[in-house]
>>> print(open('final24.pdb').read())   # PDB, C-alpha atoms
ATOM      1  CA  MET A   1      75.294-140.045 -75.641
ATOM      2  CA  GLU A   2      72.515-140.040 -73.030
ATOM      3  CA  LYS A   3      69.818-140.023 -75.726
ATOM      4  CA  GLU A   4      71.462-143.022 -77.386
ATOM      5  CA  ILE A   5      71.425-144.991 -74.115
ATOM      6  CA  ASN A   6      67.796-144.162 -73.453
ATOM      7  CA  ASP A   7      66.856-145.216 -76.989
ATOM      8  CA  ILE A   8      68.716-148.522 -76.656
ATOM      9  CA  ASP A   9      67.267-149.174 -73.216
ATOM     10  CA  ASP A  10      63.791-148.570 -74.607
ATOM     11  CA  LEU A  11      64.464-151.040 -77.410
ATOM     12  CA  ILE A  12      65.780-153.662 -74.985
ATOM     13  CA  GLY A  13      62.750-153.215 -72.742
ATOM     14  CA  LYS A  14      60.350-153.591 -75.658
ATOM     15  CA  ALA A  15      62.164-156.652 -76.961
ATOM     16  CA  LEU A  16      62.105-158.369 -73.557
ATOM     17  CA  ALA A  17      58.422-157.566 -73.162
ATOM     18  CA  GLY A  18      57.650-158.932 -76.618
ATOM     19  CA  GLU A  19      56.385-155.558 -77.782
ATOM     20  CA  ALA A  20      59.165-154.563 -80.213
ATOM     21  CA  SER A  21      58.283-154.158 -83.879
ATOM     22  CA  VAL A  22      60.282-155.801 -86.658
ATOM     23  CA  GLU A  23      62.024-152.482 -87.367
ATOM     24  CA  GLU A  24      62.879-151.999 -83.675
ATOM     25  CA  LYS A  25      64.262-155.534 -83.416
ATOM     26  CA  SER A  26      66.470-154.818 -86.449
ATOM     27  CA  ARG A  27      67.734-151.589 -84.880
ATOM     28  CA  LEU A  28      68.568-153.362 -81.631
ATOM     29  CA  LYS A  29      70.399-156.154 -83.440
ATOM     30  CA  ALA A  30      72.366-153.659 -85.513
ATOM     31  CA  TRP A  31      73.400-151.770 -82.372
ATOM     32  CA  SER A  32      74.336-155.020 -80.596
ATOM     33  CA  ASP A  33      76.494-156.097 -83.561
ATOM     34  CA  LEU A  34      78.466-152.836 -83.542
ATOM     35  CA  SER A  35      80.783-153.978 -80.769
ATOM     36  CA  ALA A  36      81.452-156.721 -78.261
ATOM     37  CA  GLU A  37      80.690-154.237 -75.495
ATOM     38  CA  ASN A  38      77.227-153.535 -76.917
ATOM     39  CA  LYS A  39      76.453-157.213 -77.242
ATOM     40  CA  LYS A  40      77.632-157.855 -73.682
ATOM     41  CA  TYR A  41      75.378-155.066 -72.424
ATOM     42  CA  VAL A  42      72.294-156.544 -74.124
ATOM     43  CA  ASP A  43      73.136-160.042 -72.879
ATOM     44  CA  GLN A  44      73.560-158.814 -69.308
ATOM     45  CA  ILE A  45      70.153-157.129 -69.288
ATOM     46  CA  LYS A  46      68.550-160.229 -70.795
ATOM     47  CA  THR A  47      70.166-162.392 -68.100
ATOM     48  CA  ILE A  48      68.797-160.090 -65.395
ATOM     49  CA  PHE A  49      65.345-160.312 -66.954
ATOM     50  CA  ASP A  50      65.418-164.105 -67.288
ATOM     51  CA  ARG A  51      66.458-164.561 -63.663
ATOM     52  CA  ALA A  52      63.812-162.145 -62.478
ATOM     53  CA  ALA A  53      61.125-163.796 -64.594
ATOM     54  CA  SER A  54      61.919-167.200 -63.096
ATOM     55  CA  ASN A  55      61.610-165.854 -59.566
ATOM     56  CA  THR A  56      58.305-166.779 -57.950
ATOM     57  CA  VAL A  57      58.624-164.026 -55.349
ATOM     58  CA  GLN A  58      56.236-161.169 -56.055
ATOM     59  CA  LEU A  59      58.219-157.998 -56.643
ATOM     60  CA  ASN A  60      56.884-154.525 -56.030
ATOM     61  CA  PHE A  61      58.999-151.508 -56.957
ATOM     62  CA  ASP A  62      58.264-147.810 -56.774
ATOM     63  CA  THR A  63      59.634-147.024 -60.210
ATOM     64  CA  ASP A  64      58.744-143.336 -60.024
ATOM     65  CA  ALA A  65      60.757-142.856 -56.824
ATOM     66  CA  ALA A  66      63.693-144.815 -58.201
ATOM     67  CA  TRP A  67      63.710-142.804 -61.406
ATOM     68  CA  LYS A  68      63.668-139.542 -59.468
ATOM     69  CA  LYS A  69      66.730-140.644 -57.472
ATOM     70  CA  VAL A  70      68.673-141.590 -60.575
ATOM     71  CA  LYS A  71      67.518-138.506 -62.407
ATOM     72  CA  ALA A  72      68.646-136.353 -59.505
ATOM     73  CA  ARG A  73      72.124-137.795 -59.888
ATOM     74  CA  LEU A  74      72.090-137.209 -63.618
ATOM     75  CA  TYR A  75      70.881-133.636 -63.340
ATOM     76  CA  GLU A  76      71.820-132.355 -59.893
ATOM     77  CA  THR A  77      71.491-128.647 -60.660
ATOM     78  CA  ARG A  78      72.116-126.384 -63.579
ATOM     79  CA  ASP A  79      74.471-124.127 -61.652
ATOM     80  CA  ASP A  80      78.223-123.713 -61.557
ATOM     81  CA  ARG A  81      78.674-127.442 -60.958
ATOM     82  CA  GLU A  82      77.122-128.373 -64.308
ATOM     83  CA  ALA A  83      80.335-128.303 -66.285
ATOM     84  CA  HIS A  84      82.130-130.393 -63.690
ATOM     85  CA  SER A  85      79.268-132.908 -63.585
ATOM     86  CA  ILE A  86      79.255-133.332 -67.360
ATOM     87  CA  GLN A  87      82.992-133.905 -67.423
ATOM     88  CA  SER A  88      83.049-136.373 -64.544
ATOM     89  CA  PHE A  89      79.903-138.326 -65.489
ATOM     90  CA  ASN A  90      81.450-140.637 -68.060
ATOM     91  CA  TRP A  91      80.060-143.447 -70.184
ATOM     92  CA  SER A  92      80.481-146.095 -67.442
ATOM     93  CA  ASN A  93      78.431-144.060 -64.978
ATOM     94  CA  LEU A  94      75.674-143.623 -67.521
ATOM     95  CA  ARG A  95      75.726-147.352 -68.117
ATOM     96  CA  ILE A  96      75.330-148.030 -64.386
ATOM     97  CA  ALA A  97      72.488-145.548 -64.048
ATOM     98  CA  ALA A  98      70.731-146.950 -67.079
ATOM     99  CA  SER A  99      71.162-150.501 -65.760
ATOM    100  CA  VAL A 100      69.594-149.527 -62.444
ATOM    101  CA  ILE A 101      66.599-148.034 -64.226
ATOM    102  CA  ILE A 102      66.217-151.073 -66.456
ATOM    103  CA  MET A 103      66.480-153.520 -63.546
ATOM    104  CA  ILE A 104      63.782-151.608 -61.678
ATOM    105  CA  GLY A 105      61.644-151.548 -64.797
ATOM    106  CA  ILE A 106      62.202-155.259 -65.349
ATOM    107  CA  GLY A 107      61.280-156.022 -61.747
ATOM    108  CA  TYR A 108      58.061-154.077 -62.125
ATOM    109  CA  PHE A 109      57.359-155.738 -65.463
ATOM    110  CA  VAL A 110      57.916-159.213 -63.993
ATOM    111  CA  TYR A 111      55.588-158.393 -61.098
ATOM    112  CA  GLN A 112      52.861-157.282 -63.495
ATOM    113  CA  PHE A 113      53.570-160.181 -65.860
ATOM    114  CA  ASN A 114      53.329-162.819 -63.129
ATOM    115  CA  ASN A 115      50.176-161.436 -61.505
ATOM    116  CA  LYS A 116      48.188-160.502 -64.596
ATOM    117  CA  PRO A 117      45.709-163.219 -65.596
ATOM    118  CA  THR A 118      46.979-164.828 -68.798
ATOM    119  CA  GLN A 119      43.663-166.469 -69.683
ATOM    120  CA  THR A 120      40.325-164.828 -69.051
ATOM    121  CA  PHE A 121      36.841-165.879 -70.063
ATOM    122  CA  ALA A 122      33.285-164.999 -69.058
ATOM    123  CA  PHE A 123      29.764-165.919 -70.002
ATOM    124  CA  ASP A 124      26.296-165.757 -68.499
ATOM    125  CA  SER A 125      22.757-166.979 -68.931
ATOM    126  CA  ASP A 126      19.563-165.001 -68.744
ATOM    127  CA  PHE A 127      16.287-166.828 -69.271
ATOM    128  CA  THR A 128      17.800-169.997 -70.737
ATOM    129  CA  THR A 129      20.529-172.404 -69.667
ATOM    130  CA  GLN A 130      23.934-172.039 -71.325
ATOM    131  CA  GLN A 131      26.932-174.312 -71.802
ATOM    132  CA  ASP A 132      30.467-173.425 -72.861
ATOM    133  CA  THR A 133      34.041-174.684 -72.749
ATOM    134  CA  LEU A 134      36.551-172.854 -70.551
ATOM    135  CA  PRO A 135      40.067-172.003 -71.807
ATOM    136  CA  ASP A 136      41.557-174.978 -69.909
ATOM    137  CA  GLY A 137      39.223-177.480 -71.586
ATOM    138  CA  SER A 138      36.807-177.785 -68.660
ATOM    139  CA  THR A 139      33.094-177.331 -69.356
ATOM    140  CA  ALA A 140      30.511-175.271 -67.503
ATOM    141  CA  PHE A 141      26.734-175.605 -67.773
ATOM    142  CA  LEU A 142      24.894-172.629 -66.281
ATOM    143  CA  ASN A 143      21.358-172.551 -64.983
ATOM    144  CA  LYS A 144      19.201-169.533 -65.753
ATOM    145  CA  LYS A 145      20.200-166.149 -64.323
ATOM    146  CA  SER A 146      23.765-167.274 -63.655
ATOM    147  CA  SER A 147      27.223-166.063 -64.670
ATOM    148  CA  ILE A 148      30.876-167.020 -64.360
ATOM    149  CA  THR A 149      34.260-165.432 -64.960
ATOM    150  CA  TYR A 150      37.356-167.554 -65.470
ATOM    151  CA  GLU A 151      41.003-166.570 -65.144
ATOM    152  CA  TYR A 152      44.365-168.263 -64.840
ATOM    153  CA  VAL A 153      46.801-166.397 -62.581
ATOM    154  CA  ARG A 154      50.388-167.254 -63.481
ATOM    155  CA  SER A 155      51.995-166.339 -60.139
ATOM    156  CA  GLN A 156      49.580-168.551 -58.180
ATOM    157  CA  LYS A 157      49.369-171.256 -60.862
ATOM    158  CA  THR A 158      45.666-171.389 -60.132
ATOM    159  CA  ARG A 159      42.566-171.504 -62.329
ATOM    160  CA  ARG A 160      39.898-169.385 -60.667
ATOM    161  CA  VAL A 161      36.196-169.202 -61.473
ATOM    162  CA  LYS A 162      33.796-166.727 -59.882
ATOM    163  CA  LEU A 163      30.207-167.986 -59.940
ATOM    164  CA  LYS A 164      26.922-166.221 -59.384
ATOM    165  CA  GLY A 165      23.887-168.472 -59.597
ATOM    166  CA  GLU A 166      24.129-172.172 -60.391
ATOM    167  CA  GLY A 167      26.478-174.169 -62.558
ATOM    168  CA  PHE A 168      27.556-177.728 -63.266
ATOM    169  CA  PHE A 169      31.272-178.174 -63.902
ATOM    170  CA  GLU A 170      33.211-180.990 -65.533
ATOM    171  CA  VAL A 171      36.781-180.100 -64.698
ATOM    172  CA  LYS A 172      39.828-181.018 -66.728
ATOM    173  CA  HIS A 173      42.015-181.913 -63.769
ATOM    174  CA  GLN A 174      45.567-180.542 -63.694
ATOM    175  CA  GLU A 175      47.451-181.398 -60.502
ATOM    176  CA  GLU A 176      49.886-178.483 -60.873
ATOM    177  CA  LYS A 177      47.114-175.969 -61.648
ATOM    178  CA  PRO A 178      44.317-176.198 -59.064
ATOM    179  CA  PHE A 179      40.772-175.346 -60.160
ATOM    180  CA  VAL A 180      38.963-173.225 -57.550
ATOM    181  CA  ILE A 181      35.437-171.800 -57.707
ATOM    182  CA  GLU A 182      34.531-168.735 -55.662
ATOM    183  CA  ALA A 183      30.848-168.532 -54.722
ATOM    184  CA  ASP A 184      30.369-165.683 -52.279
ATOM    185  CA  GLU A 185      32.637-166.569 -49.347
ATOM    186  CA  VAL A 186      32.741-170.276 -50.179
ATOM    187  CA  LEU A 187      35.646-171.792 -52.127
ATOM    188  CA  VAL A 188      35.225-175.079 -54.002
ATOM    189  CA  LYS A 189      38.470-176.828 -54.916
ATOM    190  CA  ASP A 190      38.390-179.560 -57.548
ATOM    191  CA  ILE A 191      40.197-182.818 -56.870
ATOM    192  CA  GLY A 192      39.438-184.369 -60.269
ATOM    193  CA  THR A 193      35.689-184.425 -60.625
ATOM    194  CA  SER A 194      32.356-183.175 -61.925
ATOM    195  CA  PHE A 195      30.109-181.288 -59.537
ATOM    196  CA  ASN A 196      27.286-178.785 -59.180
ATOM    197  CA  VAL A 197      27.397-175.480 -57.292
ATOM    198  CA  LYS A 198      24.215-173.601 -56.426
ATOM    199  CA  ALA A 199      24.952-170.138 -55.074
ATOM    200  CA  TYR A 200      22.299-167.558 -55.848
ATOM    201  CA  PRO A 201      23.007-164.243 -54.064
ATOM    202  CA  GLU A 202      19.487-164.010 -52.630
ATOM    203  CA  SER A 203      19.697-167.474 -51.018
ATOM    204  CA  ASP A 204      21.095-168.064 -47.525
ATOM    205  CA  THR A 205      22.624-171.379 -48.581
ATOM    206  CA  ILE A 206      25.321-172.505 -50.991
ATOM    207  CA  VAL A 207      24.883-176.105 -52.104
ATOM    208  CA  VAL A 208      27.657-178.215 -53.637
ATOM    209  CA  THR A 209      26.892-181.705 -54.958
ATOM    210  CA  VAL A 210      29.531-184.074 -56.304
ATOM    211  CA  LYS A 211      28.576-186.254 -59.255
ATOM    212  CA  THR A 212      31.983-187.893 -59.752
ATOM    213  CA  GLY A 213      35.323-187.643 -57.979
ATOM    214  CA  GLU A 214      35.934-185.401 -54.999
ATOM    215  CA  VAL A 215      35.938-181.716 -54.043
ATOM    216  CA  GLN A 216      36.929-179.684 -51.028
ATOM    217  CA  ILE A 217      34.604-176.879 -49.882
ATOM    218  CA  TYR A 218      35.775-174.288 -47.380
ATOM    219  CA  THR A 219      36.039-170.605 -46.496
ATOM    220  CA  LEU A 220      38.993-168.523 -45.371
ATOM    221  CA  LYS A 221      37.744-168.969 -41.788
ATOM    222  CA  ASN A 222      36.434-172.535 -41.933
ATOM    223  CA  SER A 223      38.308-175.610 -43.146
ATOM    224  CA  GLY A 224      35.007-176.979 -44.468
ATOM    225  CA  LEU A 225      34.340-180.447 -45.846
ATOM    226  CA  SER A 226      35.740-182.952 -48.278
ATOM    227  CA  LEU A 227      32.915-184.300 -50.458
ATOM    228  CA  LYS A 228      32.975-187.488 -52.506
ATOM    229  CA  MET A 229      30.753-188.864 -55.254
ATOM    230  CA  GLY A 230      27.064-188.645 -54.367
ATOM    231  CA  GLU A 231      27.565-186.352 -51.385
ATOM    232  CA  THR A 232      26.190-182.847 -50.927
ATOM    233  CA  GLY A 233      27.608-180.060 -48.796
ATOM    234  CA  ILE A 234      25.456-177.136 -47.649
ATOM    235  CA  TYR A 235      26.875-173.880 -46.335
ATOM    236  CA  SER A 236      24.729-171.472 -44.338
ATOM    237  CA  LYS A 237      25.771-167.860 -44.868
ATOM    238  CA  ARG A 238      23.915-166.799 -41.736
ATOM    239  CA  LEU A 239      25.443-169.444 -39.474
ATOM    240  CA  GLN A 240      28.733-169.679 -41.417
ATOM    241  CA  GLU A 241      28.610-173.449 -41.001
ATOM    242  CA  PHE A 242      28.878-176.497 -43.287
ATOM    243  CA  THR A 243      26.680-179.573 -43.150
ATOM    244  CA  ARG A 244      26.941-182.810 -45.128
ATOM    245  CA  LEU A 245      24.177-184.774 -46.863
ATOM    246  CA  GLU A 246      25.237-188.240 -47.932
ATOM    247  CA  LYS A 247      22.224-188.668 -50.230
ATOM    248  CA  ALA A 248      21.903-186.028 -52.926
ATOM    249  CA  ASP A 249      18.630-184.652 -54.252
ATOM    250  CA  THR A 250      17.802-186.779 -57.285
ATOM    251  CA  ASN A 251      16.378-183.736 -59.069
ATOM    252  CA  LEU A 252      19.311-181.438 -58.384
ATOM    253  CA  LEU A 253      20.512-181.537 -61.994
ATOM    254  CA  ALA A 254      17.065-181.389 -63.586
ATOM    255  CA  TYR A 255      17.870-177.945 -65.008
ATOM    256  CA  LYS A 256      20.690-179.600 -66.969
ATOM    257  CA  THR A 257      19.276-183.058 -67.730
ATOM    258  CA  GLY A 258      15.573-182.230 -68.055
ATOM    259  CA  ILE A 259      14.803-185.324 -65.939
ATOM    260  CA  PHE A 260      12.600-185.251 -62.829
ATOM    261  CA  SER A 261      12.046-188.241 -60.568
ATOM    262  CA  PHE A 262       9.464-187.914 -57.799
ATOM    263  CA  ASN A 263       8.818-190.776 -55.383
ATOM    264  CA  ASN A 264       5.878-190.226 -53.041
ATOM    265  CA  THR A 265       6.669-186.525 -53.115
ATOM    266  CA  ASP A 266       4.261-183.842 -51.912
ATOM    267  CA  LEU A 267       2.886-181.598 -54.658
ATOM    268  CA  LYS A 268       4.277-178.400 -53.135
ATOM    269  CA  SER A 269       7.846-179.760 -53.225
ATOM    270  CA  MET A 270       7.291-180.988 -56.772
ATOM    271  CA  VAL A 271       6.048-177.619 -57.948
ATOM    272  CA  ASP A 272       8.899-175.768 -56.226
ATOM    273  CA  LYS A 273      11.459-177.965 -58.006
ATOM    274  CA  ILE A 274       9.725-177.701 -61.397
ATOM    275  CA  ASN A 275       9.433-173.922 -61.092
ATOM    276  CA  GLU A 276      13.210-173.686 -60.688
ATOM    277  CA  VAL A 277      13.641-175.042 -64.201
ATOM    278  CA  TYR A 278      10.828-173.594 -66.328
ATOM    279  CA  ASP A 279      10.006-169.959 -67.094
ATOM    280  CA  THR A 280       6.273-170.638 -66.878
ATOM    281  CA  LYS A 281       5.415-171.061 -63.204
ATOM    282  CA  ILE A 282       2.941-173.440 -61.611
ATOM    283  CA  LYS A 283       0.802-172.072 -58.786
ATOM    284  CA  ILE A 284      -1.217-174.176 -56.337
ATOM    285  CA  GLU A 285      -4.464-172.339 -55.632
ATOM    286  CA  SER A 286      -5.479-174.316 -52.550
ATOM    287  CA  PRO A 287      -2.897-174.901 -49.778
ATOM    288  CA  ALA A 288      -4.448-178.306 -49.103
ATOM    289  CA  LEU A 289      -3.365-179.474 -52.547
ATOM    290  CA  GLY A 290       0.272-179.012 -51.578
ATOM    291  CA  ASN A 291       0.063-182.059 -49.331
ATOM    292  CA  CYS A 292      -1.053-184.411 -52.101
ATOM    293  CA  ARG A 293       1.653-186.947 -52.947
ATOM    294  CA  LEU A 294       2.698-188.389 -56.294
ATOM    295  CA  THR A 295       5.150-190.862 -57.726
ATOM    296  CA  VAL A 296       5.989-189.870 -61.280
ATOM    297  CA  ASN A 297       8.941-189.338 -63.639
ATOM    298  CA  PHE A 298       9.379-186.733 -66.377
ATOM    299  CA  HIS A 299      11.969-186.944 -69.139
ATOM    300  CA  ASN A 300      12.514-183.703 -71.071
ATOM    301  CA  ASP A 301       8.770-183.056 -71.103
ATOM    302  CA  THR A 302       7.266-179.631 -71.734
ATOM    303  CA  ILE A 303       5.717-177.708 -68.871
ATOM    304  CA  ASP A 304       2.298-178.253 -70.479
ATOM    305  CA  THR A 305       2.762-182.035 -70.472
ATOM    306  CA  ILE A 306       3.913-182.004 -66.853
ATOM    307  CA  VAL A 307       0.879-179.966 -65.768
ATOM    308  CA  GLU A 308      -1.498-182.233 -67.700
ATOM    309  CA  VAL A 309      -0.094-185.350 -66.008
ATOM    310  CA  ILE A 310      -0.362-183.797 -62.536
ATOM    311  CA  ALA A 311      -3.905-182.532 -63.174
ATOM    312  CA  GLU A 312      -5.081-185.861 -64.586
ATOM    313  CA  THR A 313      -3.579-187.812 -61.702
ATOM    314  CA  LEU A 314      -5.096-185.627 -58.970
ATOM    315  CA  ASN A 315      -8.276-184.648 -60.864
ATOM    316  CA  LEU A 316      -7.400-180.932 -60.834
ATOM    317  CA  THR A 317      -8.531-178.026 -62.982
ATOM    318  CA  VAL A 318      -5.999-175.951 -64.920
ATOM    319  CA  THR A 319      -6.253-172.240 -65.727
ATOM    320  CA  ARG A 320      -3.695-169.843 -67.169
ATOM    321  CA  ASP A 321      -2.768-166.272 -66.379
ATOM    322  CA  GLY A 322       0.090-165.091 -68.604
ATOM    323  CA  LYS A 323       3.166-167.139 -67.665
ATOM    324  CA  GLU A 324       1.437-168.646 -64.663
ATOM    325  CA  ILE A 325      -0.413-171.976 -64.607
ATOM    326  CA  ILE A 326      -2.908-172.352 -61.761
ATOM    327  CA  LEU A 327      -3.900-175.723 -60.339
ATOM    328  CA  ASN A 328      -7.110-176.015 -58.340
ATOM    329  CA  GLY A 329      -9.216-178.788 -56.912
ATOM    330  CA  SER A 330     -10.814-180.281 -53.861
ATOM    331  CA  GLY A 331      -7.652-181.845 -52.511
ATOM    332  CA  CYS A 332      -6.877-185.499 -52.052
ATOM    333  CA  ASN A 333      -7.150-188.259 -49.512
ATOM    334  CA  GLN A 334      -4.021-188.733 -47.460
TER     335      GLN A 334
END
>>> encode(input="final24.pdb", output="structure tokens")
Amino acid sequence: MEKEINDIDDLIGKALAGEASVEEKSRLKAWSDLSAENKKYVDQIKTIFDRAASNTVQLNFDTDAAWKKVKARLYETRDDREAHSIQSFNWSNLRIAASVIIMIGIGYFVYQFNNKPTQTFAFDSDFTTQQDTLPDGSTAFLNKKSSITYEYVRSQKTRRVKLKGEGFFEVKHQEEKPFVIEADEVLVKDIGTSFNVKAYPESDTIVVTVKTGEVQIYTLKNSGLSLKMGETGIYSKRLQEFTRLEKADTNLLAYKTGIFSFNNTDLKSMVDKINEVYDTKIKIESPALGNCRLTVNFHNDTIDTIVEVIAETLNLTVTRDGKEIILNGSGCNQ
């Protein structure tokens, strides 16, 4: 009798978890159809499961301890009391014991079911930028040497993205399922928008710039800032403080758009920004050259074209050393 109960309980558990095979489902149905009592038993366990599954409270059961307690009652000792125990432990008692075990198992299953990410996704970039669509329909465009992992946690009803490096996100807004990016200790919560997050591990700052809509940036210890279209928020890891810039860097998204716009910008700042995007690096040989200023725009131009324009404008010489382009000259009049 006990073996039959255990077998049926196993079948019920598998069926509720969606893991039963076609043959196991047929066996369970056949057993349920044998009697009204069997059917009632299956229905009761299913009701318990459904109620537990709809409960948002996180459950945590020590199933091993519970099983030991029930097992101890089933098999107290194999001494002189064994015959009496077998006679007195009838079908109803076995049913109760089995129900307790199943309810504990269901509680544990619901806990795992609710807290296990139901959608996971990850991708990274190495020496080139990468773009992909997340499981929720949002898109992510990664700068070089960046990576993200995405998951949807059922119990929290939250879409979470962990970012290392830099990425531009166009979020498919879902009011009931918040979209939150974790970048080191900073959290970026979407409020229906597209935005850029720059959070390289080696940098002291995390920079969030909103292109459209609004985001909230904060940490667990700091309520942070609410940023709207065109605004930039900067977080200092060292100071653990947020600051707001109401005018964003026009070249912030150059790694994505390929467009640079420099207006009376010093050459050193130009080169620093260009070097963030291209693998081939520009080096200024003479520190005095870094102070020269230019007004120029580039639209998806190659690094060679960019260097040629700069050199021609400032009358500089260009030499190459592997993946490094060296600019040299006598400087410029300020």
>>> resolve_selection(input="final24.pdb", expression="the PyMOL selection byres ((chain A and resi 295) around 12)", output="list in words")
Phe260, Ser261, Phe262, Asn263, Asn264, Thr265, Asp266, Leu267, Met270, Cys292, Arg293, Leu294, Val296, Asn297, Phe298, Val309, Ile310, Thr313 and Leu314 of chain A
>>> residues_around(input="final24.pdb", residues="region 320-324 of chain A", least_positions_apart="3", cutoff="10 Å", atoms="only C-alpha atoms", output="ChimeraX atom specification")
/A:279-283,327
>>> resolve_selection(input="final24.pdb", expression="the PyMOL selection byres ((chain A and resi 258) around 9)", output="mmCIF file with C-alpha atoms, keeping the file's coordinate frame")
data_model
loop_
_atom_site.group_PDB
_atom_site.id
_atom_site.type_symbol
_atom_site.label_atom_id
_atom_site.label_comp_id
_atom_site.auth_asym_id
_atom_site.auth_seq_id
_atom_site.Cartn_x
_atom_site.Cartn_y
_atom_site.Cartn_z
ATOM 1 C CA LEU A 253 20.512 -181.537 -61.994
ATOM 2 C CA ALA A 254 17.065 -181.389 -63.586
ATOM 3 C CA TYR A 255 17.870 -177.945 -65.008
ATOM 4 C CA LYS A 256 20.690 -179.600 -66.969
ATOM 5 C CA THR A 257 19.276 -183.058 -67.730
ATOM 6 C CA ILE A 259 14.803 -185.324 -65.939
ATOM 7 C CA PHE A 260 12.600 -185.251 -62.829
ATOM 8 C CA VAL A 277 13.641 -175.042 -64.201
ATOM 9 C CA PHE A 298 9.379 -186.733 -66.377
ATOM 10 C CA HIS A 299 11.969 -186.944 -69.139
ATOM 11 C CA ASN A 300 12.514 -183.703 -71.071
ATOM 12 C CA ASP A 301 8.770 -183.056 -71.103
#
>>> residues_around(input="final24.pdb", residues="Leu289 (chain A)", least_positions_apart="4", cutoff="8 Å", atoms="only C-alpha atoms", output="VMD selection string")
chain A and resid 267 to 268 284 to 285 328 to 332
>>> closest_residue(input="final24.pdb", among="A:Lys198, A:Lys177, A:Lys46, A:Lys144", to="Arg160 (chain A)", atoms="all atoms listed in the file")
A:Lys177
